file target07.cif (mmCIF, C-alpha atoms)
data_target
loop_
_atom_site.group_PDB
_atom_site.id
_atom_site.type_symbol
_atom_site.label_atom_id
_atom_site.label_comp_id
_atom_site.auth_asym_id
_atom_site.auth_seq_id
_atom_site.Cartn_x
_atom_site.Cartn_y
_atom_site.Cartn_z
ATOM 1 C CA MET Q 22 98.271 102.905 118.023
ATOM 2 C CA SER Q 23 99.542 101.204 114.910
ATOM 3 C CA SER Q 24 101.935 98.299 115.326
ATOM 4 C CA GLU Q 25 104.414 100.280 113.240
ATOM 5 C CA LEU Q 26 104.863 102.839 115.998
ATOM 6 C CA VAL Q 27 105.201 102.488 119.761
ATOM 7 C CA PHE Q 28 105.101 105.589 121.928
ATOM 8 C CA ARG Q 29 105.970 105.581 125.618
ATOM 9 C CA GLU Q 30 106.438 108.485 128.006
ATOM 10 C CA GLU Q 31 108.072 108.961 131.382
ATOM 11 C CA PHE Q 32 107.945 112.024 133.604
ATOM 12 C CA SER Q 33 110.483 113.135 136.195
ATOM 13 C CA GLU Q 34 111.149 116.399 138.032
ATOM 14 C CA ASN Q 35 113.681 117.595 135.495
ATOM 15 C CA ALA Q 36 112.421 116.321 132.176
ATOM 16 C CA ALA Q 37 109.698 114.521 130.335
ATOM 17 C CA LYS Q 38 110.958 111.618 128.272
ATOM 18 C CA VAL Q 39 109.388 110.088 125.211
ATOM 19 C CA ILE Q 40 110.616 106.753 123.917
ATOM 20 C CA VAL Q 41 109.568 106.199 120.344
ATOM 21 C CA SER Q 42 110.016 102.919 118.481
ATOM 22 C CA GLY Q 43 109.195 101.693 115.007
ATOM 23 C CA GLU Q 44 108.382 103.876 112.026
ATOM 24 C CA ILE Q 45 107.009 107.392 111.671
ATOM 25 C CA ASP Q 46 105.577 107.949 108.223
ATOM 26 C CA ILE Q 47 102.443 109.395 106.674
ATOM 27 C CA TYR Q 48 100.433 106.508 108.137
ATOM 28 C CA THR Q 49 101.579 106.780 111.747
ATOM 29 C CA ALA Q 50 102.261 110.540 111.735
ATOM 30 C CA GLN Q 51 98.855 111.734 112.917
ATOM 31 C CA LEU Q 52 98.843 109.547 116.005
ATOM 32 C CA PHE Q 53 102.473 110.412 116.717
ATOM 33 C CA LYS Q 54 101.613 114.100 116.482
ATOM 34 C CA GLU Q 55 98.682 113.780 118.861
ATOM 35 C CA LYS Q 56 100.750 111.823 121.384
ATOM 36 C CA LEU Q 57 103.815 114.071 121.223
ATOM 37 C CA TYR Q 58 101.878 117.345 121.362
ATOM 38 C CA ASN Q 59 99.892 115.970 124.273
ATOM 39 C CA THR Q 60 103.131 115.226 126.120
ATOM 40 C CA VAL Q 61 104.422 118.722 125.382
ATOM 41 C CA ASP Q 62 101.179 120.301 126.589
ATOM 42 C CA ARG Q 63 101.294 118.395 129.887
ATOM 43 C CA SER Q 64 104.958 119.059 130.604
ATOM 44 C CA ASP Q 65 106.627 122.157 131.998
ATOM 45 C CA THR Q 66 110.115 120.715 131.754
ATOM 46 C CA ASP Q 67 112.534 120.019 128.933
ATOM 47 C CA LEU Q 68 111.579 117.115 126.697
ATOM 48 C CA VAL Q 69 113.902 114.226 125.849
ATOM 49 C CA ILE Q 70 113.005 112.077 122.851
ATOM 50 C CA ASP Q 71 114.793 108.726 122.906
ATOM 51 C CA CYS Q 72 115.044 107.407 119.334
ATOM 52 C CA ARG Q 73 117.186 104.318 119.908
ATOM 53 C CA ASN Q 74 114.497 102.052 118.452
ATOM 54 C CA LEU Q 75 113.187 104.441 115.837
ATOM 55 C CA ASN Q 76 113.900 102.710 112.530
ATOM 56 C CA TYR Q 77 112.436 105.165 110.076
ATOM 57 C CA ILE Q 78 111.130 108.704 109.888
ATOM 58 C CA ASP Q 79 110.010 110.712 106.865
ATOM 59 C CA SER Q 80 109.535 114.419 106.264
ATOM 60 C CA THR Q 81 106.073 114.269 107.831
ATOM 61 C CA GLY Q 82 107.592 113.028 111.066
ATOM 62 C CA LEU Q 83 110.408 115.585 110.952
ATOM 63 C CA GLY Q 84 107.782 118.309 110.550
ATOM 64 C CA ILE Q 85 106.080 117.070 113.721
ATOM 65 C CA PHE Q 86 109.398 117.278 115.590
ATOM 66 C CA VAL Q 87 109.693 120.893 114.443
ATOM 67 C CA GLY Q 88 106.137 121.659 115.562
ATOM 68 C CA ALA Q 89 106.811 120.128 118.971
ATOM 69 C CA LEU Q 90 110.010 122.169 119.286
ATOM 70 C CA LYS Q 91 108.104 125.389 118.601
ATOM 71 C CA LYS Q 92 105.537 124.528 121.255
ATOM 72 C CA THR Q 93 108.242 123.587 123.743
ATOM 73 C CA ARG Q 94 110.251 126.756 123.150
ATOM 74 C CA GLN Q 95 107.132 128.863 123.646
ATOM 75 C CA LYS Q 96 107.308 127.577 127.215
ATOM 76 C CA GLY Q 97 110.980 128.489 127.463
ATOM 77 C CA ARG Q 98 111.974 124.829 127.346
ATOM 78 C CA ASN Q 99 113.954 122.699 124.922
ATOM 79 C CA ILE Q 100 113.867 119.324 123.186
ATOM 80 C CA PHE Q 101 116.836 116.957 123.300
ATOM 81 C CA ILE Q 102 116.950 114.042 120.882
ATOM 82 C CA GLU Q 103 118.904 111.039 122.137
ATOM 83 C CA ASN Q 104 120.359 107.851 120.711
ATOM 84 C CA ILE Q 105 119.468 108.678 117.157
ATOM 85 C CA ARG Q 106 120.472 106.117 114.537
ATOM 86 C CA ASP Q 107 122.829 107.021 111.721
ATOM 87 C CA ASN Q 108 120.186 106.754 108.969
ATOM 88 C CA ILE Q 109 117.949 109.194 110.826
ATOM 89 C CA ARG Q 110 120.776 111.533 111.811
ATOM 90 C CA LYS Q 111 121.516 111.772 108.109
ATOM 91 C CA LEU Q 112 118.002 113.129 107.515
ATOM 92 C CA PHE Q 113 118.434 115.739 110.235
ATOM 93 C CA VAL Q 114 121.710 116.835 108.634
ATOM 94 C CA ILE Q 115 120.482 117.110 105.034
ATOM 95 C CA THR Q 116 117.380 119.020 106.090
ATOM 96 C CA GLY Q 117 119.401 121.322 108.357
ATOM 97 C CA LEU Q 118 117.380 120.278 111.399
ATOM 98 C CA ASP Q 119 120.566 119.180 113.173
ATOM 99 C CA LYS Q 120 121.185 122.896 113.726
ATOM 100 C CA LEU Q 121 117.728 123.423 115.182
ATOM 101 C CA PHE Q 122 117.684 120.466 117.550
ATOM 102 C CA THR Q 123 120.133 119.325 120.173
ATOM 103 C CA LEU Q 124 121.138 115.815 119.119
ATOM 104 C CA ARG Q 125 123.021 113.833 121.718
ATOM 105 C CA MET Z 9 115.796 103.877 76.750
ATOM 106 C CA GLU Z 10 118.342 101.091 76.481
ATOM 107 C CA SER Z 11 117.531 97.481 77.331
ATOM 108 C CA HIS Z 12 116.502 97.252 80.936
ATOM 109 C CA ASP Z 13 114.477 95.372 83.517
ATOM 110 C CA ARG Z 14 111.166 96.966 84.402
ATOM 111 C CA ILE Z 15 109.404 96.349 87.728
ATOM 112 C CA ALA Z 16 106.094 98.048 88.459
ATOM 113 C CA ILE Z 17 103.899 98.095 91.524
ATOM 114 C CA THR Z 18 100.424 99.607 91.767
ATOM 115 C CA LEU Z 19 99.227 100.794 95.162
ATOM 116 C CA PRO Z 20 96.053 102.359 96.528
ATOM 117 C CA CYS Z 21 96.305 106.066 97.390
ATOM 118 C CA LYS Z 22 96.235 105.141 101.075
ATOM 119 C CA ALA Z 23 98.834 105.924 103.709
ATOM 120 C CA GLU Z 24 98.900 102.382 105.079
ATOM 121 C CA TYR Z 25 100.477 101.089 101.864
ATOM 122 C CA VAL Z 26 103.482 103.433 101.761
ATOM 123 C CA SER Z 27 105.424 100.888 103.795
ATOM 124 C CA VAL Z 28 104.817 98.427 100.952
ATOM 125 C CA ALA Z 29 106.358 100.920 98.536
ATOM 126 C CA ARG Z 30 109.414 101.142 100.793
ATOM 127 C CA LEU Z 31 109.795 97.387 100.834
ATOM 128 C CA ALA Z 32 109.516 97.255 97.047
ATOM 129 C CA ALA Z 33 112.034 100.082 96.606
ATOM 130 C CA SER Z 34 114.514 98.378 98.932
ATOM 131 C CA GLY Z 35 114.150 95.077 97.115
ATOM 132 C CA VAL Z 36 114.587 96.550 93.669
ATOM 133 C CA ALA Z 37 117.520 98.770 94.645
ATOM 134 C CA ASN Z 38 119.215 95.851 96.343
ATOM 135 C CA ARG Z 39 118.644 93.602 93.329
ATOM 136 C CA ALA Z 40 120.015 96.345 91.077
ATOM 137 C CA GLY Z 41 123.273 96.164 93.018
ATOM 138 C CA PHE Z 42 123.396 99.356 95.066
ATOM 139 C CA ASP Z 43 125.244 99.304 98.383
ATOM 140 C CA ILE Z 44 123.223 99.155 101.571
ATOM 141 C CA ASP Z 45 123.420 102.903 102.311
ATOM 142 C CA THR Z 46 122.257 103.794 98.812
ATOM 143 C CA VAL Z 47 119.429 101.252 99.041
ATOM 144 C CA GLU Z 48 118.284 103.086 102.180
ATOM 145 C CA ASP Z 49 118.527 106.452 100.405
ATOM 146 C CA ILE Z 50 116.442 105.261 97.447
ATOM 147 C CA LYS Z 51 113.862 103.771 99.792
ATOM 148 C CA VAL Z 52 113.537 107.065 101.673
ATOM 149 C CA ALA Z 53 113.238 109.089 98.444
ATOM 150 C CA VAL Z 54 110.564 106.777 97.034
ATOM 151 C CA SER Z 55 108.617 106.968 100.281
ATOM 152 C CA GLU Z 56 108.709 110.772 100.202
ATOM 153 C CA VAL Z 57 107.171 110.854 96.732
ATOM 154 C CA CYS Z 58 104.484 108.319 97.695
ATOM 155 C CA SER Z 59 103.545 110.372 100.747
ATOM 156 C CA ARG Z 60 103.265 113.464 98.606
ATOM 157 C CA ILE Z 61 101.091 111.733 96.011
ATOM 158 C CA ILE Z 62 98.733 110.610 98.769
ATOM 159 C CA GLY Z 63 98.810 114.092 100.276
ATOM 160 C CA VAL Z 64 97.690 115.776 97.062
ATOM 161 C CA ALA Z 65 95.332 112.996 95.930
ATOM 162 C CA GLU Z 66 91.809 114.214 95.596
ATOM 163 C CA ASN Z 67 88.759 112.218 96.524
ATOM 164 C CA GLY Z 68 88.216 109.624 93.884
ATOM 165 C CA SER Z 69 91.902 109.022 93.268
ATOM 166 C CA LYS Z 70 92.195 105.299 93.428
ATOM 167 C CA GLN Z 71 95.778 104.287 92.890
ATOM 168 C CA TYR Z 72 99.248 105.150 91.710
ATOM 169 C CA GLU Z 73 102.013 103.196 90.060
ATOM 170 C CA ILE Z 74 105.721 103.118 90.801
ATOM 171 C CA GLU Z 75 107.793 101.939 87.858
ATOM 172 C CA PHE Z 76 111.406 100.949 88.475
ATOM 173 C CA ASN Z 77 113.652 100.696 85.418
ATOM 174 C CA ILE Z 78 116.993 99.045 86.076
ATOM 175 C CA CYS Z 79 119.271 100.238 83.273
ATOM 176 C CA ALA Z 80 122.942 99.561 82.622
ATOM 177 C CA ASN Z 81 124.211 102.555 84.568
ATOM 178 C CA LYS Z 82 121.244 103.858 86.510
ATOM 179 C CA LEU Z 83 117.929 103.187 88.195
ATOM 180 C CA ILE Z 84 115.013 105.294 86.990
ATOM 181 C CA VAL Z 85 111.887 105.507 89.135
ATOM 182 C CA ASN Z 86 108.733 106.899 87.541
ATOM 183 C CA PHE Z 87 105.461 107.658 89.313
ATOM 184 C CA THR Z 88 102.106 107.717 87.541
ATOM 185 C CA SER Z 89 98.611 108.072 88.935
ATOM 186 C CA ASP Z 90 94.998 108.522 88.077
ATOM 187 C CA ILE Z 91 95.083 111.687 90.171
ATOM 188 C CA LYS Z 92 93.532 114.520 88.238
ATOM 189 C CA LYS Z 93 96.342 116.173 86.320
ATOM 190 C CA ILE Z 94 98.598 118.111 88.666
ATOM 191 C CA ASP Z 95 101.544 119.879 87.084
ATOM 192 C CA CYS Z 96 103.861 119.701 90.067
ATOM 193 C CA ILE Z 97 103.017 117.482 92.998
ATOM 194 C CA PHE Z 98 105.529 119.265 95.216
ATOM 195 C CA GLN Z 99 103.997 122.645 94.509
ATOM 196 C CA ASN Z 100 102.936 124.285 97.780
ATOM 197 C CA ASP Z 101 105.227 121.991 99.761
ATOM 198 C CA ASP Z 102 105.309 124.325 102.737
ATOM 199 C CA ASP Z 103 108.362 123.194 104.654
ATOM 200 C CA GLY Z 104 110.337 121.796 101.702
ATOM 201 C CA LEU Z 105 111.652 118.944 103.821
ATOM 202 C CA GLY Z 106 110.521 116.261 101.388
ATOM 203 C CA MET Z 107 112.222 117.907 98.427
ATOM 204 C CA SER Z 108 115.406 118.451 100.441
ATOM 205 C CA ILE Z 109 115.546 114.749 101.185
ATOM 206 C CA ILE Z 110 114.813 113.670 97.610
ATOM 207 C CA ASN Z 111 117.349 116.104 96.154
ATOM 208 C CA ALA Z 112 120.032 114.883 98.540
ATOM 209 C CA PHE Z 113 119.442 111.208 97.864
ATOM 210 C CA MET Z 114 118.771 111.082 94.115
ATOM 211 C CA ASP Z 115 121.010 112.257 91.260
ATOM 212 C CA ASP Z 116 118.322 113.692 88.957
ATOM 213 C CA VAL Z 117 114.715 114.529 89.721
ATOM 214 C CA GLU Z 118 112.115 115.699 87.222
ATOM 215 C CA TYR Z 119 109.525 117.359 89.411
ATOM 216 C CA CYS Z 120 107.271 118.951 86.843
ATOM 217 C CA PRO Z 121 107.367 116.854 83.681
ATOM 218 C CA GLU Z 122 105.538 118.360 80.736
ATOM 219 C CA ASN Z 123 103.748 116.146 78.259
ATOM 220 C CA LYS Z 124 104.983 112.981 79.959
ATOM 221 C CA SER Z 125 103.004 109.977 81.090
ATOM 222 C CA TYR Z 126 104.496 110.202 84.576
ATOM 223 C CA MET Z 127 104.023 112.855 87.259
ATOM 224 C CA LEU Z 128 107.544 112.619 88.686
ATOM 225 C CA SER Z 129 110.707 110.829 87.618
ATOM 226 C CA MET Z 130 113.936 110.393 89.528
ATOM 227 C CA THR Z 131 117.232 108.725 88.723
ATOM 228 C CA LYS Z 132 120.021 107.189 90.751
ATOM 229 C CA LYS Z 133 123.252 106.411 88.935
ATOM 230 C CA PHE Z 134 125.462 103.455 89.745
#
call {"tool": "encode", "arguments": {"input": "target07.cif", "output": "structure tokens"}}
result
Amino acid sequence: MSSELVFREEFSENAAKVIVSGEIDIYTAQLFKEKLYNTVDRSDTDLVIDCRNLNYIDSTGLGIFVGALKKTRQKGRNIFIENIRDNIRKLFVITGLDKLFTLR
Amino acid sequence: MESHDRIAITLPCKAEYVSVARLAASGVANRAGFDIDTVEDIKVAVSEVCSRIIGVAENGSKQYEIEFNICANKLIVNFTSDIKKIDCIFQNDDDGLGMSIINAFMDDVEYCPENKSYMLSMTKKF
């Protein structure tokens, strides 16, 4: 995986957790998509995405979040986004995705 | 256009160089005197356009240029490319997320310029 993006996952009984660090843009998006969708496919629990060290995301990355949410909801589960930085929360708000996702 | 400083950067139509465009946008916006939040906004908007240019670039497209014009009361960012003429690079933008972000962060955006040398122009006022 590119040095611009670090992806780590943890599984527990109640939730799968993804910790994403660095930048998600058009360069890192494809690998991020593969990793995240793979996590969703292997999990039958809710998914928590910890963004405390996510510095940057563009519309490509936001689109991947939406795709992952659709896949998760098809299983009757949900995605919770945690520890999101102000600059990224702003993007969720202006695109209206703050109403689609549970940000906490 | 009134007297202004012009900064231009030419990049390959490759995804790995969009981060370079972001660095350049941050540097120019900071030098122009915008506050830190606005610098971030301009950086994000520039990156969205670069990603789109790369997304619509056909095989054989080699590079694109970002031209920053620091004017007395605004920053104008123009994008040009050797991409085969495309009227509107955000045409067929399925989810519209990129345009939502650009519209929120910039004051004026010319998405489909006619008879202009650039393929997109956007302005942020001081």
call {"tool": "interface_residues", "arguments": {"input": "target07.cif", "of": "chain Z", "to": "chain Q", "cutoff": "10 Å", "atoms": "all atoms listed in the file", "output": "VMD selection string"}}
result
chain Z and resid 22 to 27 45 48 to 49 52 to 53 55 to 56 58 to 60 62 to 63 103 to 113
call {"tool": "resolve_selection", "arguments": {"input": "target07.cif", "expression": "the PyMOL selection byres ((chain Q and resi 41) around 6)", "output": "ChimeraX atom specification"}}
result
/Q:27-28,40,42,72
call {"tool": "atom_distance", "arguments": {"input": "target07.cif", "atom1": "CA of Ile61 in chain Z", "atom2": "CA of Phe98 in chain Z"}}
result
8.8 Å
call {"tool": "resolve_selection", "arguments": {"input": "target07.cif", "expression": "the PyMOL selection byres ((chain Q and resi 99) around 9)", "output": "ChimeraX atom specification"}}
result
/Q:66-69,90,93-94,96-98,100-101,122-123
call {"tool": "write_last_selection", "arguments": {"input": "target07.cif", "atoms": "C-alpha atoms", "output": "PDB file, keeping the file's coordinate frame"}}
result
ATOM      1  CA  THR Q  66     110.115 120.715 131.754  1.00  0.00           C
ATOM      2  CA  ASP Q  67     112.534 120.019 128.933  1.00  0.00           C
ATOM      3  CA  LEU Q  68     111.579 117.115 126.697  1.00  0.00           C
ATOM      4  CA  VAL Q  69     113.902 114.226 125.849  1.00  0.00           C
ATOM      5  CA  LEU Q  90     110.010 122.169 119.286  1.00  0.00           C
ATOM      6  CA  THR Q  93     108.242 123.587 123.743  1.00  0.00           C
ATOM      7  CA  ARG Q  94     110.251 126.756 123.150  1.00  0.00           C
ATOM      8  CA  LYS Q  96     107.308 127.577 127.215  1.00  0.00           C
ATOM      9  CA  GLY Q  97     110.980 128.489 127.463  1.00  0.00           C
ATOM     10  CA  ARG Q  98     111.974 124.829 127.346  1.00  0.00           C
ATOM     11  CA  ILE Q 100     113.867 119.324 123.186  1.00  0.00           C
ATOM     12  CA  PHE Q 101     116.836 116.957 123.300  1.00  0.00           C
ATOM     13  CA  PHE Q 122     117.684 120.466 117.550  1.00  0.00           C
ATOM     14  CA  THR Q 123     120.133 119.325 120.173  1.00  0.00           C
TER      15      THR Q 123
END
call {"tool": "atom_distance", "arguments": {"input": "target07.cif", "atom1": "CA of Gly88 in chain Q", "atom2": "CA of Asp71 in chain Q"}}
result
17.2 Å
call {"tool": "resolve_selection", "arguments": {"input": "target07.cif", "expression": "the PyMOL selection byres ((chain Q and resi 60) around 10)", "output": "list of chain:residue names"}}
result
Q:Glu30, Q:Glu31, Q:Phe32, Q:Ala37, Q:Lys38, Q:Val39, Q:Lys54, Q:Glu55, Q:Lys56, Q:Leu57, Q:Tyr58, Q:Asn59, Q:Val61, Q:Asp62, Q:Arg63, Q:Ser64, Q:Asp65, Q:Leu68, Q:Ala89
call {"tool": "residues_around", "arguments": {"input": "target07.cif", "residues": "range 70-84 of chain Z", "least_positions_apart": "6", "cutoff": "7 Å", "atoms": "all atoms listed in the file", "output": "compact mmCIF listing (two decimals) with C-alpha atoms, in the frame of the given file"}}
result
# COMPACT_ATOMS: atom_id res chain seq x y z
CA GLU Z 10 118.34 101.09 76.48
CA SER Z 11 117.53 97.48 77.33
CA HIS Z 12 116.50 97.25 80.94
CA ASP Z 13 114.48 95.37 83.52
CA ARG Z 14 111.17 96.97 84.40
CA ILE Z 15 109.40 96.35 87.73
CA ALA Z 16 106.09 98.05 88.46
CA ILE Z 17 103.90 98.10 91.52
CA THR Z 18 100.42 99.61 91.77
CA LEU Z 19 99.23 100.79 95.16
CA PRO Z 20 96.05 102.36 96.53
CA CYS Z 21 96.30 106.07 97.39
CA ALA Z 40 120.02 96.34 91.08
CA ASP Z 90 95.00 108.52 88.08
CA MET Z 130 113.94 110.39 89.53
CA THR Z 131 117.23 108.72 88.72
CA LYS Z 132 120.02 107.19 90.75
CA LYS Z 133 123.25 106.41 88.94
CA PHE Z 134 125.46 103.46 89.74
call {"tool": "atom_distance", "arguments": {"input": "target07.cif", "atom1": "CA of Arg39 in chain Z", "atom2": "CA of Leu128 in chain Z"}}
result
22.5 Å
call {"tool": "closest_residue", "arguments": {"input": "target07.cif", "among": "Z:Glu118, Z:Gly35, Z:Val85, Z:Ile97", "to": "Val64 in chain Z", "atoms": "only C-alpha atoms"}}
result
Z:Ile97
call {"tool": "residues_near_point", "arguments": {"input": "target07.cif", "point": "(122.0, 112.4, 117.3)", "cutoff": "9 Å", "atoms": "all atoms listed in the file", "output": "ChimeraX atom specification"}}
result
/Q:72,102-107,109-110,113,119,123-125
call {"tool": "residues_near_point", "arguments": {"input": "target07.cif", "point": "(111.2, 98.9, 99.9)", "cutoff": "10 Å", "atoms": "all atoms listed in the file", "output": "ChimeraX atom specification"}}
result
/Z:26-38,47-48,50-52,54-55
